[in-house]
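**Student:** Pasting in a structure now, in structure tokens, and then I'll have a few things to ask.
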Amino acid sequence: MKKIVLTVFDDPGGGLAVTAVAEELMKNSELDLTVYSGKLSKEIAGNAGFDYIEIESMINKNTAEHIYRTVSPDLLLTGTGGGNTEQEFRNIAFRENTPSVVILDYWKDYKRRWLYADHEISKLKDNVCVMDNFTKQEMAEEGFPENNIIVTGHPYLDKIFHSGRKDKKEKREDSLNILFLSQPLEIIGIKSCDSPLKILSDAASEHTEKSGKKVTLTVRLHPSENISKRDFRNFK
């Protein structure tokens, strides 16, 4: 009999991270995934090939209980969105002693992600997958049980960074391609700092001058950012 994995994510960041893991789980013939996606993540779920069920960001305990009893999961896999949906399922898993895996996708507001927990953070049973040792250290300092925090990297970033590398036959030594994924500093609480894009642009220019190699810089803006072409002209 197949093991059932109840997979729940709400926000797009969590959706990307969790689906990257769920795609790998789907390859296991002994597992059966039931996927619930928030409204903002349903395109991500669809593009990943999942037959998902849409769910609201905020749900009541009865809704979570009904879904949980219907699915009867052997494992719970969730992200950490801004609503209570993922946590309501984790609360049930906590009471039922169902194994729970949580994928972190962002370096901030760790306790906020368990805001709707009905148990203390120090008594956490979830296995929390984090991006790096720095995250693990910060979470441990905030009272999360260190043994429950596992450094795995960022599943989605790992996926896109390694995509196609195995099939790459040759390397172009005469050029350097850089992808910059922009993040507004205000969102992570940094108010006085030089622009990361400006710093990167200066470093790329210096690299070109010293090595003579061409540098191609591709910038992917955060949805909340609005940088004009005039702004980019300041980056030499």
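In the structure tokens, the first chain shown is A, the next is B, and so on; residue numbers restart at 1 for each chain, and ligands run from 1 in the order shown.
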Residues near A:Asp118, anyone? I mean within 8 Å using only C-alpha atoms, not counting same-chain ones fewer than 2 positions away, as a compact mmCIF listing (two decimals) with N, CA and C atoms, in the first residue's frame.
**Tutor:**
```
# COMPACT_ATOMS: atom_id res chain seq x y z
N ASN A 91 -0.80 21.65 13.26
CA ASN A 91 -1.35 21.48 14.60
C ASN A 91 -1.96 20.09 14.77
N TYR A 116 0.40 30.70 14.28
CA TYR A 116 -0.89 30.06 14.56
C TYR A 116 -0.74 28.67 15.20
N GLU A 120 3.83 25.29 22.03
CA GLU A 120 5.01 26.13 22.16
C GLU A 120 6.08 25.75 21.14
```
**Student:** Based on the backbone DSSP call, show me all residues of stretch 30-169 of chain A assigned alpha helix (DSSP H), as JSON, numbers by chain.
**Tutor:** {"A": [42, 43, 44, 45, 46, 47, 61, 62, 63, 64, 65, 66, 67, 68, 69, 70, 71, 85, 86, 87, 88, 89, 90, 91, 92, 93, 94, 95, 96, 133, 134, 135, 136, 137, 138, 139, 140, 141, 155, 156, 157, 158, 159, 160, 161, 162]}
**Student:** How close does each residue of stretch 41-68 of chain A get to stretch 84-88 of chain A, giving the shortest atom pair and distance in Å to one decimal for every residue with an atom at most 8 Å away, counting only C-alpha atoms, sorted by chain and residue number, as CSV?
**Tutor:**
```
residue,atom,partner,partner_atom,distance
A:Glu56,CA,A:Thr85,CA,7.2
A:Ser57,CA,A:Thr85,CA,5.6
A:Met58,CA,A:Asn84,CA,5.2
A:Ile59,CA,A:Thr85,CA,5.6
A:Asn60,CA,A:Glu88,CA,7.9
A:Lys61,CA,A:Glu88,CA,6.5
A:Ala64,CA,A:Glu88,CA,6.2
```
**Student:** Got time to write the residues from that selection, C-alpha atoms, as an mmCIF file, in the first residue's frame?
**Tutor:**
```cif
data_model
loop_
_atom_site.group_PDB
_atom_site.id
_atom_site.type_symbol
_atom_site.label_atom_id
_atom_site.label_comp_id
_atom_site.auth_asym_id
_atom_site.auth_seq_id
_atom_site.Cartn_x
_atom_site.Cartn_y
_atom_site.Cartn_z
ATOM 1 C CA GLU A 56 -7.763 29.590 1.113
ATOM 2 C CA SER A 57 -4.939 31.297 3.051
ATOM 3 C CA MET A 58 -7.075 31.303 6.203
ATOM 4 C CA ILE A 59 -9.185 28.293 7.141
ATOM 5 C CA ASN A 60 -10.968 27.174 10.296
ATOM 6 C CA LYS A 61 -10.035 24.167 12.390
ATOM 7 C CA ALA A 64 -8.451 21.409 8.288
#
```
**Student:** Quick one: pull the distance between atom CA of A:Thr135 and atom CA of A:Asn148, Å, one decimal.
**Tutor:**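 Spanning atom CA of A:Thr135 to atom CA of A:Asn148 is a straight-line distance of 12.7 Å.
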**Student:** For stretch 199-213 of chain A, work out the shell of residues within 9 Å, counting only C-alpha atoms and skipping chain neighbours fewer than 2 positions away, then give it as JSON, numbers by chain.
**Tutor:** {"A": [173, 174, 175, 176, 178, 180, 194, 195, 196, 197, 215, 216, 217, 235, 236]}
